[in-house]
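Below is one structure, written out as structure tokens; comments come after it.
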Amino acid sequence: MSVPLWMFLLVAAALFCLGIFTVLSRRNAIAILMGVELMLNAVNLNLVAFWRYRTEAGIIAERGGVAGQAFAVFVFIVAAAEVAVGLALVIAVYRSRQTVTAEDIDLLKG
Amino acid sequence: MPINLETIAFTLFAAMCVGGGLGVAVLRNLFHAALSLLLALFGAAGLFVLLSAPFLAMVQILVYMGAIAILILFVIMLTQQVIVPEPYNRQWVLGALAALVALGALFMVIAQLGGGDAPYLQPQPLAPEVSDSGIAALGSDLVDPGRYLVPFEVAGLLLTVALVGAISIARED
Amino acid sequence: MLEQWVFILVFGIVALGTPVAAIIVGRVIGPRRPNPTQQSTYECGMQTVGDAQKQYKIQYYIFTLLFLAFDVEVVLLLPWALAYNQLPLFALFEGAFLIFILAVGLVYVWRKGALEWR
Amino acid sequence: MPNLPVAAEIGSGPNPDEPLSIIVAAVLILLIAMGTLIFNIWFERKQVARVQDRLGPNRVGPWGIFQTIADVLKLLTKEIIIPSQIDRLTYWLAPVLAVGAVIMIWAVVPLSPVAIGSDLNVGALYFISISSLGAVGVLAAGWGSNNKYALLGGLRVIAQMVSYEVPLMLSLLVPVMLAGSLSMQDIVDAQGAMWYFILAPVACLIFTTAGQAEVARAPFDLIEGESEIVAGHHIEYSGLAFAMFYLAEWLHSFTLSALCVTLFFGGWQGPFAVEVPALGLLWFFLKTYAGYFILNWLRYTVPRVRIDHMMSFNWKFLTPIALVVLVMTATLEKLWPALFPVDPGRPGFIQSLPRAGILFLANLVLVGVVIMILRQVARRERQRVEDLVDEGQYSAPAPMPEPVEV
């Protein structure tokens, strides 16, 4: 490996911050969900990078050697569940209010 | 950083990742933003390969690009608000500021780690006996009651609940 | 291990380059005489009314949703299946239980009538 | 058959010091895929002509064998019409993704013991991931064309592709479990003594059926329901841009046959294949063409399925059976070593007999049970319709009027 760890972390950090910006600034609810996906992906990148650089040789086949990968798999699953329910909510709101703009969805404001 | 195939590939995939992420944040056309998300996810898959986790790279393509992205594209089509005159809300300056602050903070933390010369940052060679990059180990860990068995089954439950919930929310009746 | 992916990278470039090159060659060799009628959207000889990017049926979304759930389940089952012969007997019940949980979800959706195409 | 010296090097791990050899191997595999494609189009047209009692292409060259080349030349000189209402980025991305995804699968198909693009340790997973990328291409074509037929066709074909990917993946898990590896070469190696078709015939049938639907070929070619949605997602493409979709579909069909052979019919395994690798190439292509012949035969014999039936067939029939097969195989894999302990002294074929026998019998029993359940369901359905007729809620359609003599 000739690429140092911090470069991977930097890419993940950039991805995470782009995700934050998308979530905070976009008006479209689907775009906000896409921002969340970016952030989850950045987390995964960090998990795998740390797994690759900090796991000692020979430990892989033993217990605990693939913790980073296992965590990443669970992040995938949570992301899938999140996007499924999130998009279903977007569709339900769109059907009743004909909008997917997050600001207009203020049913609870009374 | 020496110039070899690995660093070139890293640069390529990192550029895809960040460029795609940027596209998600700024593109006005929502469909293009979703395609840009695909690009970012593909870049991340490439980075997973470079990190010796080909299983995750393939899962990334299968789940994120093959399923989640298609779902997102579908909903974009269903809701037909693809190009809007004003893609950002009133607090977008605040959002940009928050993102920059977060980037600065993360950058400082990463700087604390030091450059690539710090000894504990040298990657460890994968053990020669695991030619499958730890997929079999992952398989036995996932169903090991002492390790991830409970998350494994709970993940299945979560999926079922999400499936049933999403379908009952999205259906017309 | 990484060496094997070099080939995938090169082959990917070749594989994506082939259609790009073919289309470019087609545009260079083929004639190009555009006119408004030829370039209009195809609609069985009728004038096209409005944009195509309209609202479509929810049914498509529901099947993609089902696919997503099973897709992720396969991701969980793949390492299990791979390592299965080295695992104790107990692993059989764990894998079967996971399949059972999702099968219950499928049966529920089926009973609810969401699998009917309408 | 040439001995493929360069690809042979790649098979044992490409040499990073020789980037040229990698590029040569990549181009070689591309040429194999494309060369077989040119031949396949002629092969299939000839075959379908025989099925339909026609002659098929017979003008250009002996038996019309150069017909495809003539077609390619014709397509080259056709205008690529670009509609004015398209979304440029998406419109052009679609054919590239559709073709690229199919070609990329060939990187992991083992052609002979030494000739494989790259023996990835996640080969089988690579194949399903990459083929799921093709769906993005279809969606891009449908949306980018800004045409109602294209979009409807695209949505339909996506719903079909993603649905049938579920039984495809689940049946893929069976050979992975039997071989204990995701590497394609390992899966073929493990079939040295016994093909997995014997061990998992039901999984093989599910894989082939779901694959045929994934490729969107008859009887699952709903996108080409001309009377409903004209020609599906590629309606706005012409010239070589259309040819790309055509190419993707035909190559995908052949690729499916190759994968089926690799996963269930021993790939390049055959007499003396290990000793003479070139012979492996011959066995591989013989088997693949046999599979291709059968798939085409089905394609032109079975009538098109209605979309609601197709979705029901997938979710209410194929997917549950695939789940049952998976659990059944897992159970028997733990059972047979307890009943028949492995004796390493015996030759491989004898050793594999108890395992094959138990799994094959279990599959037969499963097929029997499924047929019984199907008959039950069919009987109940007939009864339901008869009851409706008796209550007068449903009347049989009026007979066709007599044709008038002119």
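Residue numbering restarts at 1 for every chain of the structure tokens, chains are lettered A, B, ... in their displayed order, and ligands are numbered from 1 as they appear.
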
- Message: Quick check: residues of chain C within 6 Å of chain D, only C-alpha atoms, returned as an NGL selection string.
- Response: :C and (4 or 11 or 15-16 or 19 or 23 or 26 or 29-32 or 39-40 or 52 or 60 or 67 or 81-82 or 117)

Any chance you could tabulate, as a tab-separated table, the residues of chain B at most 9 Å from chain D with each one's nearest atom pair and distance in Å to one decimal, using only C-alpha atoms, in chain and rising number order?
residue	atom	partner	partner_atom	distance
B:Phe31	CA	D:Thr90	CA	8.8
B:His32	CA	D:Thr90	CA	7.9
B:Leu35	CA	D:Thr90	CA	8.6
B:Pro54	CA	D:Val122	CA	6.9
B:Phe55	CA	D:Val122	CA	6.3
B:Met58	CA	D:Tyr126	CA	6.0
B:Val59	CA	D:Ser129	CA	7.3
B:Gln60	CA	D:Ser129	CA	8.5
B:Ile61	CA	D:Ser129	CA	5.7
B:Leu62	CA	D:Ser129	CA	4.5
B:Val63	CA	D:Ser129	CA	8.2
B:Met65	CA	D:Leu133	CA	7.0
B:Gly66	CA	D:Ser132	CA	5.1
B:Ala67	CA	D:Val162	CA	8.1
B:Ala69	CA	D:Val136	CA	8.4
B:Ile70	CA	D:Val136	CA	6.8
B:Leu73	CA	D:Leu139	CA	8.1
B:Phe74	CA	D:Leu155	CA	8.2
B:Met77	CA	D:Trp143	CA	8.2
B:Ser131	CA	D:Asn121	CA	7.5
B:Asp132	CA	D:Asn121	CA	5.5
B:Ser133	CA	D:Asn121	CA	8.0
B:Ile135	CA	D:Val122	CA	8.9
B:Ala136	CA	D:Ser181	CA	8.6

- Task: Identify all chain A residues at most 12 Å from chain C by counting only C-alpha atoms; ligands do not count. Present them as an MDAnalysis selection string.
- Result: chainID A and resid 1 61 66 69:70 72:88 91:92 94:95 98

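When the distance limit is 9 Å and only C-alpha atoms are what count, the residues near Leu51 in chain B, minus those fewer than 5 positions from it on the same chain, are Met1, Val48, Ala49, Trp51, Arg52 and Tyr53 of chain A; Gly46 of chain B.
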
- Query: What is the CA of Leu47 in chain B to CA of Val23 in chain A distance in Å?
  - Reply: 23.9 Å

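Separating CA of Ala96 in chain C from CA of Phe152 in chain B is a distance of 12.1 Å.
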
Within 6 Å of chain C, which residues of chain B show up? Give each one with its shortest atom-to-atom distance in Å (one decimal) and the two atoms involved, counting only C-alpha atoms, rows by chain then rising residue number, as a tab-separated table.
residue	atom	partner	partner_atom	distance
B:Ala67	CA	C:Leu68	CA	5.5
B:Leu78	CA	C:Gln55	CA	4.8
B:Gln80	CA	C:Lys54	CA	5.8
B:Ile135	CA	C:Pro79	CA	5.9
B:Ala136	CA	C:Ala83	CA	4.8
B:Gly139	CA	C:Pro79	CA	4.0
B:Glu153	CA	C:Leu98	CA	5.9
B:Gly156	CA	C:Leu98	CA	5.8
B:Leu159	CA	C:Ala69	CA	5.9
B:Thr160	CA	C:Gly105	CA	5.2

- Message: I need the residues of range 166-219 of chain D that end up classed as alpha helix (DSSP H) by DSSP on the backbone, written out as a PyMOL selection string.
- Response: chain D and resi 166-179+184-189+196-199+201-214

Please provide as a CSV table (one decimal) with N, CA, C and O atoms, in the first residue's frame all residues within 12 Å of Phe272 in chain D, with the sequence filter that same-chain residues fewer than 2 positions apart are discarded (counting only C-alpha atoms).
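Output (selection.csv):
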chain,number,residue,atom,x,y,z
D,112,SER,N,-10.9,-21.7,-19.7
D,112,SER,CA,-10.2,-23.0,-19.6
D,112,SER,C,-9.4,-22.9,-18.3
D,112,SER,O,-9.4,-21.9,-17.6
D,113,PRO,N,-8.7,-24.0,-18.0
D,113,PRO,CA,-8.0,-24.0,-16.7
D,113,PRO,C,-7.1,-22.9,-16.5
D,113,PRO,O,-6.8,-22.4,-15.4
D,192,GLY,N,-15.1,-31.0,-10.6
D,192,GLY,CA,-14.3,-32.0,-11.4
D,192,GLY,C,-14.9,-33.4,-11.3
D,192,GLY,O,-15.0,-34.1,-12.3
D,268,TRP,N,-15.3,-25.6,-18.0
D,268,TRP,CA,-14.4,-26.2,-18.9
D,268,TRP,C,-14.1,-27.6,-18.6
D,268,TRP,O,-13.3,-28.3,-19.3
D,269,GLN,N,-14.7,-28.2,-17.5
D,269,GLN,CA,-14.4,-29.6,-17.2
D,269,GLN,C,-14.8,-30.5,-18.3
D,269,GLN,O,-15.9,-30.4,-18.8
D,270,GLY,N,-13.9,-31.5,-18.5
D,270,GLY,CA,-14.2,-32.5,-19.5
D,270,GLY,C,-13.0,-33.4,-19.6
D,270,GLY,O,-12.0,-33.2,-19.0
D,274,VAL,N,-7.8,-30.8,-17.9
D,274,VAL,CA,-6.8,-30.3,-17.0
D,274,VAL,C,-5.4,-30.4,-17.7
D,274,VAL,O,-4.5,-29.5,-17.5
D,275,GLU,N,-5.2,-31.5,-18.4
D,275,GLU,CA,-3.9,-31.8,-19.0
D,275,GLU,C,-3.7,-30.9,-20.2
D,275,GLU,O,-2.6,-30.3,-20.4
D,276,VAL,N,-4.7,-30.7,-21.0
D,276,VAL,CA,-4.6,-29.9,-22.2
D,276,VAL,C,-5.5,-28.7,-22.1
D,276,VAL,O,-6.7,-28.8,-22.4
D,277,PRO,N,-5.1,-27.6,-21.6
D,277,PRO,CA,-6.0,-26.5,-21.4
D,277,PRO,C,-6.8,-26.0,-22.6
D,277,PRO,O,-7.9,-25.6,-22.5
D,278,ALA,N,-6.2,-26.2,-23.8
D,278,ALA,CA,-6.9,-25.8,-25.0
D,278,ALA,C,-8.2,-26.6,-25.2
D,278,ALA,O,-9.2,-26.1,-25.7
D,279,LEU,N,-8.1,-27.9,-24.7
D,279,LEU,CA,-9.3,-28.7,-24.8
D,279,LEU,C,-10.4,-28.2,-23.9
D,279,LEU,O,-11.6,-28.3,-24.2
D,280,GLY,N,-10.0,-27.6,-22.8
D,280,GLY,CA,-11.0,-27.0,-21.9
D,280,GLY,C,-11.8,-25.9,-22.6
D,280,GLY,O,-13.0,-25.8,-22.4
D,281,LEU,N,-11.1,-25.1,-23.4
D,281,LEU,CA,-11.8,-24.1,-24.1
D,281,LEU,C,-12.8,-24.7,-25.1
D,281,LEU,O,-14.0,-24.2,-25.2
D,282,LEU,N,-12.4,-25.8,-25.7
D,282,LEU,CA,-13.4,-26.5,-26.6
D,282,LEU,C,-14.6,-27.0,-25.8
D,282,LEU,O,-15.7,-26.7,-26.2
D,283,TRP,N,-14.4,-27.7,-24.6
D,283,TRP,CA,-15.5,-28.2,-23.9
D,283,TRP,C,-16.4,-27.0,-23.4
D,283,TRP,O,-17.6,-27.1,-23.5

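Straight-line separation from CA of Val72 in chain D to CA of Gly12 in chain C: 23.7 Å.
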